[in-house]
Structure formats: C-alpha cells, structure tokens
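Here is start07.txt, consisting of compact mmCIF, C-alpha atoms and all ligand atoms:
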# COMPACT_ATOMS: atom_id res chain seq x y z
CA VAL A 198 0.00 0.00 0.00
CA PHE A 199 2.69 2.45 0.97
CA GLY A 200 4.84 1.82 -2.10
CA PHE A 201 3.89 5.03 -3.84
CA LEU A 202 4.27 7.15 -0.70
CA LYS A 203 7.63 5.59 -0.04
CA LYS A 204 8.86 6.45 -3.52
CA LYS A 205 7.53 10.01 -3.28
CA ILE A 206 9.15 10.68 0.08
CA LYS A 207 12.44 9.38 -1.22
CA GLU A 208 12.26 11.59 -4.28
CA ALA A 209 11.25 14.66 -2.32
CA ILE A 210 14.08 14.39 0.14
CA SER A 211 16.93 13.21 -2.04
CA GLY A 212 16.04 15.14 -5.19
CA LEU A 213 15.88 18.47 -3.53
CA SER A 214 18.66 18.02 -1.09
CA LYS A 215 20.90 17.23 -4.05
CA LYS A 216 19.78 20.22 -6.03
CA VAL A 217 19.99 22.67 -3.18
CA SER A 218 23.18 21.36 -1.72
CA LYS A 219 24.99 21.53 -5.05
CA GLU A 220 24.21 25.24 -5.32
CA GLU A 221 25.08 25.75 -1.71
CA ILE A 222 28.36 23.93 -1.94
CA GLU A 223 29.38 26.13 -4.82
CA LYS A 224 28.43 29.24 -2.86
CA GLU A 225 30.31 28.10 0.19
CA GLU A 226 33.35 27.01 -1.74
CA LYS A 227 33.54 30.51 -3.07
CA LYS A 228 33.34 31.88 0.46
CA VAL A 229 36.12 29.57 1.57
CA GLU A 230 38.32 30.61 -1.33
CA ASP A 231 37.79 34.27 -0.48
CA GLU A 232 38.66 33.78 3.15
CA VAL A 233 41.72 31.70 2.38
CA GLU A 234 42.86 34.45 0.10
CA GLN A 235 42.41 37.00 2.88
CA ILE A 236 44.32 34.88 5.34
CA GLU A 237 47.15 34.52 2.90
CA ARG A 238 47.22 38.26 2.35
CA ARG A 239 47.55 38.84 6.08
CA ALA A 240 50.38 36.36 6.24
CA GLY A 241 52.10 37.92 9.18
CA ARG A 242 49.39 36.80 11.59
CA ALA A 243 49.89 34.64 14.63
CA GLU A 244 49.90 30.95 13.84
CA PRO A 245 47.08 29.88 16.28
CA GLU A 246 44.70 32.48 14.90
CA LYS A 247 45.30 31.27 11.40
CA LYS A 248 44.74 27.70 12.45
CA SER A 249 41.38 28.37 14.10
CA ALA A 250 40.16 30.32 11.08
CA LEU A 251 41.06 27.41 8.85
CA GLN A 252 39.28 24.97 11.12
CA LYS A 253 36.15 27.04 10.94
CA LEU A 254 36.36 26.98 7.18
CA LYS A 255 36.81 23.27 7.15
CA ARG A 256 33.57 22.89 9.08
CA VAL A 257 31.70 25.05 6.60
CA VAL A 258 32.76 22.73 3.82
CA ALA A 259 32.07 19.49 5.68
CA GLU A 260 28.84 20.48 7.36
CA LYS A 261 25.74 22.16 6.19
CA GLU A 262 23.39 24.33 8.11
CA LEU A 263 19.76 23.27 7.85
CA SER A 264 18.73 26.82 7.14
CA ASP A 265 15.17 28.07 6.84
CA GLU A 266 15.65 28.45 3.13
CA TYR A 267 16.97 24.94 2.62
CA LEU A 268 14.30 23.37 4.81
CA SER A 269 11.50 25.28 3.14
CA GLU A 270 12.48 23.83 -0.20
CA VAL A 271 12.95 20.24 0.89
CA LEU A 272 9.94 20.22 3.19
CA GLY A 273 7.72 21.99 0.67
CA GLU A 274 8.38 19.15 -1.73
CA LEU A 275 7.74 16.63 1.03
CA ASP A 276 4.45 18.34 1.89
CA LEU A 277 3.32 17.86 -1.72
CA ALA A 278 4.44 14.25 -1.76
CA LEU A 279 2.39 13.53 1.37
CA MET A 280 -0.72 15.25 0.03
CA GLU A 281 -0.40 13.46 -3.29
CA ASN A 282 -0.70 10.28 -1.26
CA ASN A 283 -3.96 11.21 0.46
CA VAL A 284 -2.44 12.61 3.61
CA ALA A 285 -4.85 15.40 4.59
CA ALA A 286 -3.47 18.90 4.13
CA GLU A 287 -3.70 19.71 7.82
CA THR A 288 -1.89 16.49 8.77
CA SER A 289 0.84 17.05 6.29
CA ALA A 290 1.24 20.70 7.34
CA GLU A 291 1.71 19.64 10.93
CA ILE A 292 4.24 16.96 10.04
CA VAL A 293 6.22 19.48 8.07
CA ALA A 294 6.02 22.15 10.77
CA GLY A 295 7.19 19.63 13.35
CA LEU A 296 10.16 18.68 11.19
CA LYS A 297 11.09 22.28 10.60
CA LYS A 298 11.06 23.05 14.29
CA LYS A 299 13.29 20.10 15.10
CA LEU A 300 15.77 20.62 12.27
CA ARG A 301 16.05 24.37 11.87
CA GLY A 302 19.51 25.82 12.50
CA LYS A 303 21.17 22.43 13.02
CA TYR A 304 24.58 21.78 11.50
CA VAL A 305 24.83 18.35 10.01
CA LYS A 306 27.44 16.51 8.01
CA ARG A 307 26.68 17.13 4.36
CA ALA A 308 26.52 13.46 3.52
CA GLU A 309 24.07 12.90 6.35
CA ALA A 310 21.55 15.68 5.72
CA GLU A 311 19.18 13.39 3.84
CA LYS A 312 19.37 10.67 6.41
CA ILE A 313 18.67 13.09 9.24
CA ILE A 314 15.59 14.46 7.53
CA ARG A 315 14.36 10.94 6.81
CA ASP A 316 14.94 9.87 10.42
CA GLU A 317 13.04 12.84 11.80
CA LEU A 318 10.20 12.26 9.34
CA SER A 319 10.09 8.63 10.34
CA ALA A 320 9.89 9.60 14.04
CA GLU A 321 7.09 12.04 13.27
CA ILE A 322 5.09 9.41 11.34
CA ARG A 323 5.74 6.79 14.01
CA SER A 324 4.32 9.11 16.66
CA ILE A 325 1.16 9.65 14.58
CA LEU A 326 0.54 5.98 13.75
CA GLY A 327 1.82 4.56 17.02
CA LYS A 328 -0.88 5.64 19.46
CA PRO A 329 -1.34 3.21 22.39
CA GLN A 330 -3.27 0.13 21.33
CA VAL A 331 -6.44 -1.22 22.93
CA SER A 332 -6.45 -4.77 24.29
CA LEU A 333 -9.78 -6.38 23.46
CA SER A 334 -9.29 -9.21 25.89
CA ASP A 335 -8.53 -6.77 28.74
CA LEU A 336 -11.67 -4.90 27.83
CA VAL A 337 -13.88 -8.01 27.86
CA GLU A 338 -12.28 -9.31 31.06
CA ARG A 339 -12.86 -6.00 32.79
CA ALA A 340 -16.56 -6.09 31.91
CA LYS A 341 -16.78 -9.74 33.02
CA LYS A 342 -15.55 -8.75 36.48
CA GLU A 343 -18.51 -6.38 36.65
CA ASN A 344 -20.86 -9.19 35.60
CA ARG A 345 -21.88 -7.54 32.37
CA PRO A 346 -21.05 -7.90 28.70
CA ALA A 347 -18.55 -5.54 27.12
CA VAL A 348 -20.18 -3.24 24.58
CA ILE A 349 -18.47 -2.30 21.34
CA LEU A 350 -20.10 0.28 19.07
CA PHE A 351 -19.27 0.65 15.39
CA PHE A 352 -19.59 4.03 13.73
CA GLY A 353 -18.98 5.11 10.17
CA PHE A 354 -20.20 6.35 6.87
CA ASN A 355 -22.34 4.13 4.61
CA GLY A 356 -20.60 1.37 2.72
CA THR A 357 -17.29 1.69 4.55
CA GLY A 358 -17.53 -1.89 5.79
CA LYS A 359 -19.15 -1.47 9.21
CA SER A 360 -21.34 -4.57 9.09
CA LEU A 361 -18.59 -6.77 7.73
CA SER A 362 -16.22 -5.40 10.38
CA VAL A 363 -18.72 -6.18 13.14
CA ALA A 364 -18.82 -9.78 11.93
CA ARG A 365 -15.08 -10.00 11.45
CA LEU A 366 -14.34 -8.74 14.93
CA ALA A 367 -16.93 -11.15 16.33
CA ASN A 368 -15.06 -13.87 14.46
CA ILE A 369 -11.77 -12.88 16.10
CA LEU A 370 -13.36 -12.71 19.56
CA LYS A 371 -15.04 -16.06 19.05
CA LYS A 372 -11.74 -17.62 18.06
CA SER A 373 -10.25 -16.23 21.29
CA GLY A 374 -12.90 -18.19 23.20
CA TYR A 375 -15.41 -15.42 23.88
CA LYS A 376 -19.14 -15.46 23.22
CA PRO A 377 -20.16 -12.48 21.06
CA LEU A 378 -23.69 -11.27 20.36
CA LEU A 379 -24.42 -8.89 17.51
CA ALA A 380 -26.92 -6.01 17.56
CA ALA A 381 -28.50 -4.97 14.25
CA GLY A 382 -28.42 -1.27 15.04
CA ASP A 383 -28.55 -0.19 11.41
CA THR A 384 -32.32 -0.04 11.29
CA PHE A 385 -32.35 2.57 8.56
CA ARG A 386 -32.38 0.10 5.68
CA ALA A 387 -33.92 -3.39 5.66
CA ALA A 388 -30.91 -4.51 3.67
CA GLY A 389 -28.70 -3.34 6.53
CA ILE A 390 -30.26 -5.84 8.94
CA GLU A 391 -30.24 -8.69 6.41
CA GLN A 392 -26.65 -8.03 5.50
CA LEU A 393 -25.54 -8.28 9.12
CA GLU A 394 -27.52 -11.50 9.58
CA GLU A 395 -25.87 -12.94 6.51
CA TYR A 396 -22.40 -12.11 7.81
CA ALA A 397 -23.30 -13.39 11.30
CA LYS A 398 -24.34 -16.74 9.86
CA GLY A 399 -20.87 -17.08 8.40
CA VAL A 400 -19.31 -16.55 11.82
CA GLY A 401 -21.91 -18.58 13.69
CA VAL A 402 -23.02 -15.89 16.13
CA PRO A 403 -26.59 -14.73 16.94
CA VAL A 404 -28.04 -11.33 16.08
CA VAL A 405 -30.54 -9.27 18.07
CA LYS A 406 -32.75 -7.30 15.69
CA HIS A 407 -35.94 -5.29 15.50
CA ARG A 408 -37.77 -4.41 12.32
CA GLN A 409 -36.61 -1.80 9.85
CA GLY A 410 -37.14 1.76 11.04
CA ALA A 411 -37.09 0.79 14.73
CA ASP A 412 -35.19 2.86 17.27
CA SER A 413 -31.58 1.86 16.96
CA ALA A 414 -30.76 2.70 20.58
CA ALA A 415 -33.57 0.36 21.69
CA VAL A 416 -32.19 -2.54 19.62
CA ILE A 417 -28.76 -2.12 21.13
CA PHE A 418 -30.17 -1.74 24.65
CA ASP A 419 -32.10 -4.99 24.13
CA ALA A 420 -29.04 -6.77 22.89
CA VAL A 421 -27.07 -5.74 25.98
CA LYS A 422 -29.87 -6.89 28.26
CA SER A 423 -30.18 -10.17 26.43
CA ALA A 424 -26.42 -10.73 26.46
CA LYS A 425 -26.34 -10.22 30.21
CA ALA A 426 -29.24 -12.62 30.75
CA LYS A 427 -27.83 -15.31 28.47
CA GLY A 428 -24.18 -15.09 29.39
CA PHE A 429 -22.68 -13.52 26.27
CA ASP A 430 -19.32 -11.80 26.90
CA VAL A 431 -19.47 -9.03 24.37
CA VAL A 432 -22.05 -7.13 22.31
CA LEU A 433 -20.95 -5.78 18.96
CA ALA A 434 -23.41 -3.19 17.74
CA ASP A 435 -23.77 -2.10 14.14
CA THR A 436 -25.20 1.39 13.53
CA ALA A 437 -26.64 3.23 10.57
CA GLY A 438 -24.25 5.20 8.44
CA ARG A 439 -25.88 7.74 6.26
CA ALA A 440 -23.83 10.71 5.21
CA HIS A 441 -21.90 12.09 8.16
CA THR A 442 -23.41 15.46 7.41
CA ASP A 443 -26.84 14.13 8.39
CA ARG A 444 -27.66 15.76 11.71
CA ASN A 445 -30.49 13.34 12.58
CA LEU A 446 -28.11 10.46 12.35
CA ILE A 447 -25.72 12.19 14.69
CA GLU A 448 -28.48 12.75 17.24
CA GLU A 449 -29.41 9.07 16.92
CA LEU A 450 -25.81 8.05 17.53
CA LYS A 451 -25.57 10.33 20.55
CA LYS A 452 -28.61 8.62 21.99
CA ILE A 453 -27.09 5.18 21.36
CA VAL A 454 -23.93 6.21 23.18
CA LYS A 455 -25.91 7.50 26.13
CA VAL A 456 -28.09 4.41 26.41
CA SER A 457 -25.56 1.66 25.74
CA ARG A 458 -22.56 2.95 27.76
CA PRO A 459 -19.99 1.50 25.38
CA ASP A 460 -16.61 0.13 26.43
CA LEU A 461 -15.21 0.79 23.00
CA LYS A 462 -16.27 3.07 20.15
CA ILE A 463 -14.76 2.11 16.82
CA LEU A 464 -14.80 4.26 13.72
CA VAL A 465 -14.88 2.22 10.52
CA CYS A 466 -13.56 4.07 7.53
CA GLU A 467 -12.21 3.04 4.19
CA ALA A 468 -8.67 3.73 3.13
CA VAL A 469 -9.88 4.66 -0.34
CA ALA A 470 -11.77 7.65 1.11
CA GLY A 471 -8.42 9.41 1.26
CA SER A 472 -8.26 12.67 3.14
CA ASP A 473 -12.05 12.75 3.62
CA VAL A 474 -11.51 10.40 6.56
CA VAL A 475 -10.61 13.53 8.52
CA ASN A 476 -14.12 14.94 8.15
CA GLN A 477 -15.66 11.59 9.00
CA ALA A 478 -13.44 11.30 12.06
CA ARG A 479 -14.45 14.71 13.30
CA VAL A 480 -18.19 14.19 12.96
CA PHE A 481 -18.31 10.71 14.49
CA ASN A 482 -15.91 11.75 17.23
CA GLU A 483 -18.39 14.42 18.19
CA ALA A 484 -21.28 11.94 18.07
CA ALA A 485 -19.36 9.72 20.53
CA GLY A 486 -18.25 12.74 22.53
CA GLU A 487 -20.45 12.07 25.52
CA ALA A 488 -18.45 8.88 26.14
CA GLY A 489 -15.04 10.35 25.41
CA GLY A 490 -15.12 10.14 21.62
CA ILE A 491 -13.87 7.48 19.21
CA ASP A 492 -11.33 5.07 20.76
CA GLY A 493 -9.85 3.54 17.64
CA VAL A 494 -10.23 2.87 13.95
CA ILE A 495 -10.82 -0.06 11.66
CA LEU A 496 -9.44 0.99 8.31
CA THR A 497 -11.04 -1.13 5.59
CA LYS A 498 -10.26 -1.67 1.91
CA TRP A 499 -6.55 -1.52 2.63
CA ASP A 500 -6.23 -4.21 -0.03
CA VAL A 501 -7.52 -1.90 -2.76
CA ASP A 502 -5.86 1.34 -1.61
CA GLU A 503 -2.68 2.41 -3.35
CA LYS A 504 -1.64 5.37 -1.27
CA GLY A 505 -2.05 4.69 2.42
CA GLY A 506 -2.34 8.35 3.39
CA ALA A 507 -5.77 7.85 4.98
CA ALA A 508 -4.05 5.92 7.77
CA LEU A 509 -1.97 8.94 8.75
CA SER A 510 -4.85 11.37 8.31
CA VAL A 511 -7.33 9.53 10.49
CA CYS A 512 -4.85 8.77 13.28
CA HIS A 513 -3.72 12.36 13.31
CA ALA A 514 -7.29 13.72 13.34
CA LEU A 515 -8.38 11.50 16.22
CA GLN A 516 -5.07 11.02 18.03
CA LYS A 517 -6.14 7.39 18.31
CA PRO A 518 -4.74 4.15 16.94
CA ILE A 519 -5.79 2.03 14.01
CA LEU A 520 -6.89 -1.20 15.66
CA PHE A 521 -7.34 -3.35 12.56
CA LEU A 522 -6.93 -3.21 8.82
CA GLY A 523 -9.56 -4.70 6.50
CA VAL A 524 -7.59 -6.49 3.83
CA GLY A 525 -10.28 -8.17 1.73
CA GLN A 526 -13.94 -9.10 1.59
CA LYS A 527 -13.79 -12.38 3.47
CA LEU A 528 -14.56 -12.93 7.14
CA ASP A 529 -10.92 -13.68 7.88
CA ASP A 530 -9.62 -10.55 6.20
CA LEU A 531 -9.13 -8.42 9.29
CA GLU A 532 -5.58 -7.94 10.53
CA PRO A 533 -4.41 -6.30 13.74
CA PHE A 534 -2.60 -3.08 12.83
CA ASP A 535 1.14 -3.68 12.89
CA LEU A 536 3.07 -0.43 13.40
CA GLU A 537 6.45 -1.91 12.50
CA LYS A 538 5.08 -3.38 9.30
CA ALA A 539 3.60 0.00 8.35
CA MET A 540 6.89 1.78 9.10
CA ARG A 541 8.77 -0.73 6.96
CA GLY A 542 6.21 -0.13 4.22
CA ILE A 543 6.91 3.60 4.23
CA PHE A 544 10.63 3.71 4.88
CA GLY A 545 11.83 0.30 3.72
N1 LIG B 601 -11.86 -5.02 -0.66
C1 LIG B 601 -12.46 -4.84 0.51
N2 LIG B 601 -13.79 -4.70 0.56
C2 LIG B 601 -14.37 -4.51 1.77
C3 LIG B 601 -13.61 -4.43 2.96
N3 LIG B 601 -14.46 -4.22 3.98
C4 LIG B 601 -15.70 -4.16 3.44
N4 LIG B 601 -15.67 -4.33 2.11
C5 LIG B 601 -16.80 -4.34 1.16
O1 LIG B 601 -17.48 -3.09 1.24
C6 LIG B 601 -18.86 -3.27 1.00
C7 LIG B 601 -19.67 -2.64 2.13
O2 LIG B 601 -19.49 -3.36 3.32
P1 LIG B 601 -20.55 -3.31 4.50
O3 LIG B 601 -20.00 -4.03 5.66
O4 LIG B 601 -21.87 -3.74 4.03
O5 LIG B 601 -20.57 -1.73 4.76
P2 LIG B 601 -21.52 -0.86 5.73
O6 LIG B 601 -22.51 -0.19 4.86
O7 LIG B 601 -20.60 0.13 6.38
O8 LIG B 601 -22.13 -1.78 6.71
C8 LIG B 601 -19.08 -4.78 0.89
O9 LIG B 601 -19.16 -5.12 -0.46
C9 LIG B 601 -17.85 -5.37 1.52
O10 LIG B 601 -17.52 -6.63 1.00
C10 LIG B 601 -12.18 -4.59 2.87
O11 LIG B 601 -11.43 -4.55 3.85
N5 LIG B 601 -11.66 -4.78 1.62
MG MG B 602 -24.12 -2.15 7.06

Structure re-expressed in structure tokens:
Amino acid sequence: VFGFLKKKIKEAISGLSKKVSKEEIEKEEKKVEDEVEQIERRAGRAEPEKKSALQKLKRVVAEKELSDEYLSEVLGELDLALMENNVAAETSAEIVAGLKKKLRGKYVKRAEAEKIIRDELSAEIRSILGKPQVSLSDLVERAKKENRPAVILFFGFNGTGKSLSVARLANILKKSGYKPLLAAGDTFRAAGIEQLEEYAKGVGVPVVKHRQGADSAAVIFDAVKSAKAKGFDVVLADTAGRAHTDRNLIEELKKIVKVSRPDLKILVCEAVAGSDVVNQARVFNEAAGEAGGIDGVILTKWDVDEKGGAALSVCHALQKPILFLGVGQKLDDLEPFDLEKAMRGIFG
C-alpha cells in the first residue's frame, strides 16, 4: 500500500537536497576561497589564529546548516508528496512544521543531511501511527468482572464496511474463546439488517434485531440486556451510516452512546476515502463525545488502496490508533494493525 508514498518521500528528500546542496556547496566554496585568500594576504598573523580560522572553514565545507531556506524547499516538496498520497493537508502541514522546528539551524554533516531528515520524518510518522493500542481481551475481562457484557459500538459512513467489520471482529473474539452477540443497530435500511444476519451466519453468532425503522438505541439496549441474561461476553453493535453530514443520524448516535454505555467506540472508515476520513473522524468523534469520543479505527479496503495516506490522516485527526486493517472481503480478512510493518512499508 505504501509503495507510492515511499517512492515520493524518497524523491522529495533526495532530489531536492541534491539540487539545493549543489548550489550551496558552490556558494560556500567561493566563500572559503575568499577567506583563504584573505588569510594569505595577512600572512604575518599569529599561527594559532590562522589555524582556528582554517578549522572554521573546514567545518563550513564538511557540514551544512539546515537553514530556513533549505528546509523550506525540501519540506515543501515533502508536503506535496504527502498530500499526493492522500495525507490530509492539515496532517501534512503539521508533520512538516514539526520537522522544521526540530531541524532548523542544526549543523549536520553534508553526507548525512538526507538521512537526518528521513529519520526525523520517520519519528514524526511513528508518533502519529503509534498511538497506544487497545487490548480487546482486557476490555472483555474488565466487563466480566462487573458481571456484564462488554459493549463495542461501530460508527462510520455508509458502505465503509461497518457490518462486515462487526462480523469479522466477532469472528476474532469467538476464536479467542469469547461469546459475542451482535446487535443490528442499522435499522435505517432493511438490507442493513439482512446483511448483518448474513455475515453473522458465516461466523456462527446470533443477532438481536428489531424491524426496519425501529429505534436503533432500543435494539442495542435490548441486545445488551439479552447478552447479560444469556451469558454472552461481548455485544458488537452495528449502527446506521448515512452521510456524516446528516444531523439526525448524529443525534441518533448520541442517543445510542448514552443508552448503551460503550466500552469501545470504533470508527470504521475506508482507506480509499483518502483525506475525507478527517471529516468523517471529526463528525463521528463528536457523536461519541459524551463517552469520550472514538477510541480507535478499523481501516477497511486496505487491499484496494494504493496510497495509504488515509491511515496517517485519520490517526492524526483522532489522536487514536488504528486497531485493525480490513484487507479483503472475506470474514478472515481483518488484521491487527502492525506499526512496525507499516513503518517498513513507508521507509523500507
Ligand atoms: N476489498 C475490501 N472490501 C471490503 C472491505 N471491507 C468491506 N468491504 C466491502 O465493502 C462493502 C460494504 O461493506 P458493508 O460491511 O456492508 O458496509 P456498511 O454499509 O458500512 O455496513 C461490501 O461489499 C464489503 O464486501 C475490505 O477490507 N476490503
Ligand atoms: Mg451495514
């Protein structure tokens, strides 16, 4: 996925640093020549003074200052490379500003300038993608101690893969020995309920449902009650996902959050949405605000995305981790997010 981003970052950093540093070297070589000439003209000077002046000159040749001008050029190119790869403009601007602050005014060995910029960029990206992970088993065990099922809510725009993600996570939990129960909280479309039932059949887990158009919060409340009565460990609740600009939906989600007291609120978004994930993140984060906002992300359609920038954008917008990546359309195609693998993808 990150192949294109990786190539672009490489080009941005090495291309420009070569171009700029060649001009700069020429400029500085000229300076050195001038100063050497001056020193030679004042030949009568004390030996130590001459020596220290020459040392200073040597440093100018061997090291380069990461000046504002130099950084602006390299980082401007990097900014473009990030945005070209679906990193949201605000995310990319902050990455670049962070780099500038760390690097500005530093003297580095000429041969190492590129490597230093890459290392700082890598640290910046690691801090965005590497937010503390959530342990699902800790979460379920904690709820168990309180004699209640854990409640996991799924939020997200239509068609992002919410229902399939509900089923896939149930599949993972079931394989870990837990008993999941699904709640068909997407009551907006009849097809939404049927779809979830279809997926649930594949996993072999039951679904609590009402009819189409029913109150979604009531369905989820029922599911939690039923889970508690029948000894299920965890309720995974689907929700409707009309456009995130739909205010009624947001009110409905707020009600669900209030009534179901979730242990985990997951935003499902698709990698192919690109930088729009930032808007989705913001709206659903507000909808879940009463309970502390979104806790983590399932990023679907990773298998069909070519740029990967949505991962950075959504983590940066929420300051939360990606929990899983959807890597296909099958029930098994949900992978825990692996930070090291992602970093290798971007930086090789
Ligand atoms: N390629 C791919 N397709 C996915 C992935 N996740 C979901 N889909 C597909 O996206 C479509 C919508 O999924 P669905 O779960 O119904 O979305 P919902 O409307 O958010 O509930 C379906 O055709 C899924 O098979 C994924 O990780 N990769
Ligand atoms: Mg659905």

Do you know which residues are at most 7 Å from Glu532 in chain A counting all atoms listed in the file, after dropping those on the same chain fewer than 4 positions away, and could you put them as a PyMOL selection string?
chain A and resi 521-523

Among the residues A:Leu509, A:Leu393, A:Ala468, A:Leu370, the one that comes closest to ligand MG 602 (chain B) [using all atoms listed in the file]
A:Leu393

At a cut-off of 6 Å and counting all atoms listed in the file, what residues surround ligand MG 602 (chain B)? Please answer as an MDAnalysis selection string.
chainID A and resid 359:360 389

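Ranking A:Ala420, A:Leu446, A:Leu464, A:Leu361 by their shortest atom-to-atom distance to Val400 in chain A, with all atoms listed in the file included, puts A:Leu361 first.
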
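Remark: for ligand LIG 601 (chain B), the closest of the candidate residues A:Lys451, A:Arg386, A:Lys498, A:Lys538 is A:Lys498 (distances computed over only C-alpha atoms and all ligand atoms).
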
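You can rank A:Ala308, A:Leu378, A:Ala411, A:Val475 by their closest distance to Val432 in chain A using only C-alpha atoms, and at the top of that list sits A:Leu378.
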
Output the neighbourhood of ligand LIG 601 (chain B) as a ChimeraX atom specification, that is, all protein and nucleic acid residues with some atom at most 8 Å from the ligand, counting only C-alpha atoms and all ligand atoms.
/A:353-363,389,392-393,435,437-438,465,467,496-501,522-527,530-531

Since we have the selection now, will you write its residues out, keeping C-alpha atoms, as a PDB file, in the frame of the given file?
ATOM      1  CA  GLY A 353     -18.980   5.110  10.170  1.00  0.00           C
ATOM      2  CA  PHE A 354     -20.200   6.350   6.870  1.00  0.00           C
ATOM      3  CA  ASN A 355     -22.340   4.130   4.610  1.00  0.00           C
ATOM      4  CA  GLY A 356     -20.600   1.370   2.720  1.00  0.00           C
ATOM      5  CA  THR A 357     -17.290   1.690   4.550  1.00  0.00           C
ATOM      6  CA  GLY A 358     -17.530  -1.890   5.790  1.00  0.00           C
ATOM      7  CA  LYS A 359     -19.150  -1.470   9.210  1.00  0.00           C
ATOM      8  CA  SER A 360     -21.340  -4.570   9.090  1.00  0.00           C
ATOM      9  CA  LEU A 361     -18.590  -6.770   7.730  1.00  0.00           C
ATOM     10  CA  SER A 362     -16.220  -5.400  10.380  1.00  0.00           C
ATOM     11  CA  VAL A 363     -18.720  -6.180  13.140  1.00  0.00           C
ATOM     12  CA  GLY A 389     -28.700  -3.340   6.530  1.00  0.00           C
ATOM     13  CA  GLN A 392     -26.650  -8.030   5.500  1.00  0.00           C
ATOM     14  CA  LEU A 393     -25.540  -8.280   9.120  1.00  0.00           C
ATOM     15  CA  ASP A 435     -23.770  -2.100  14.140  1.00  0.00           C
ATOM     16  CA  ALA A 437     -26.640   3.230  10.570  1.00  0.00           C
ATOM     17  CA  GLY A 438     -24.250   5.200   8.440  1.00  0.00           C
ATOM     18  CA  VAL A 465     -14.880   2.220  10.520  1.00  0.00           C
ATOM     19  CA  GLU A 467     -12.210   3.040   4.190  1.00  0.00           C
ATOM     20  CA  LEU A 496      -9.440   0.990   8.310  1.00  0.00           C
ATOM     21  CA  THR A 497     -11.040  -1.130   5.590  1.00  0.00           C
ATOM     22  CA  LYS A 498     -10.260  -1.670   1.910  1.00  0.00           C
ATOM     23  CA  TRP A 499      -6.550  -1.520   2.630  1.00  0.00           C
ATOM     24  CA  ASP A 500      -6.230  -4.210  -0.030  1.00  0.00           C
ATOM     25  CA  VAL A 501      -7.520  -1.900  -2.760  1.00  0.00           C
ATOM     26  CA  LEU A 522      -6.930  -3.210   8.820  1.00  0.00           C
ATOM     27  CA  GLY A 523      -9.560  -4.700   6.500  1.00  0.00           C
ATOM     28  CA  VAL A 524      -7.590  -6.490   3.830  1.00  0.00           C
ATOM     29  CA  GLY A 525     -10.280  -8.170   1.730  1.00  0.00           C
ATOM     30  CA  GLN A 526     -13.940  -9.100   1.590  1.00  0.00           C
ATOM     31  CA  LYS A 527     -13.790 -12.380   3.470  1.00  0.00           C
ATOM     32  CA  ASP A 530      -9.620 -10.550   6.200  1.00  0.00           C
ATOM     33  CA  LEU A 531      -9.130  -8.420   9.290  1.00  0.00           C
TER      34      LEU A 531
END

Could you list, as number ranges by chain, every residue within 9 Å of range 330-346 of chain A, counting all atoms listed in the file and ignoring same-chain residues fewer than 4 positions away?
A: 370, 373, 375, 377, 421-422, 424-425, 428-432, 460-461, 492-493, 517-520

Residues near Gly273 in chain A, anyone? I mean within 12 Å using all atoms listed in the file, not counting same-chain ones fewer than 6 positions away, as a tab-separated table (two decimals) with C-alpha atoms, in the frame of the given file.
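Contents of selection28.tsv, freshly written:
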chain	number	residue	atom	x	y	z
A	206	ILE	CA	9.15	10.68	0.08
A	209	ALA	CA	11.25	14.66	-2.32
A	210	ILE	CA	14.08	14.39	0.14
A	213	LEU	CA	15.88	18.47	-3.53
A	214	SER	CA	18.66	18.02	-1.09
A	265	ASP	CA	15.17	28.07	6.84
A	266	GLU	CA	15.65	28.45	3.13
A	267	TYR	CA	16.97	24.94	2.62
A	279	LEU	CA	2.39	13.53	1.37
A	280	MET	CA	-0.72	15.25	0.03
A	289	SER	CA	0.84	17.05	6.29
A	290	ALA	CA	1.24	20.70	7.34
A	292	ILE	CA	4.24	16.96	10.04
A	293	VAL	CA	6.22	19.48	8.07
A	294	ALA	CA	6.02	22.15	10.77
A	296	LEU	CA	10.16	18.68	11.19
A	297	LYS	CA	11.09	22.28	10.60

Have a look at CA of His513 in chain A and CA of Gly486 in chain A and let me know their distance in Å, one decimal.
17.2 Å

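Pairwise distance (CA of Lys455 in chain A, CA of Lys427 in chain A) equals 23.0 Å.
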
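Of the residues listed (A:Lys372, A:Ala259, A:Glu483, A:Lys205), A:Ala259 shows the shortest atom-to-atom separation from Val229 in chain A; distances use all atoms listed in the file.
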
One number please: CA of Arg307 in chain A to CA of Lys227 in chain A, in Å, one decimal.
16.8 Å

Write out as a PDB file with C-alpha atoms, keeping the file's coordinate frame which residues come within 9 Å of Ala380 in chain A when counting all atoms listed in the file, dropping same-chain ones fewer than 3 positions away.
ATOM      1  CA  ASP A 383     -28.550  -0.190  11.410  1.00  0.00           C
ATOM      2  CA  LEU A 393     -25.540  -8.280   9.120  1.00  0.00           C
ATOM      3  CA  PRO A 403     -26.590 -14.730  16.940  1.00  0.00           C
ATOM      4  CA  VAL A 404     -28.040 -11.330  16.080  1.00  0.00           C
ATOM      5  CA  VAL A 405     -30.540  -9.270  18.070  1.00  0.00           C
ATOM      6  CA  LYS A 406     -32.750  -7.300  15.690  1.00  0.00           C
ATOM      7  CA  VAL A 416     -32.190  -2.540  19.620  1.00  0.00           C
ATOM      8  CA  ILE A 417     -28.760  -2.120  21.130  1.00  0.00           C
ATOM      9  CA  PHE A 418     -30.170  -1.740  24.650  1.00  0.00           C
ATOM     10  CA  ASP A 419     -32.100  -4.990  24.130  1.00  0.00           C
ATOM     11  CA  ALA A 420     -29.040  -6.770  22.890  1.00  0.00           C
ATOM     12  CA  VAL A 421     -27.070  -5.740  25.980  1.00  0.00           C
ATOM     13  CA  VAL A 432     -22.050  -7.130  22.310  1.00  0.00           C
ATOM     14  CA  LEU A 433     -20.950  -5.780  18.960  1.00  0.00           C
ATOM     15  CA  ALA A 434     -23.410  -3.190  17.740  1.00  0.00           C
ATOM     16  CA  ASP A 435     -23.770  -2.100  14.140  1.00  0.00           C
ATOM     17  CA  THR A 436     -25.200   1.390  13.530  1.00  0.00           C
TER      18      THR A 436
END

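Of the listed residues (A:Thr384, A:Thr288, A:Ser269, A:Ser211), A:Ser211 comes nearest to Glu309 in chain A; the distances count all atoms listed in the file.
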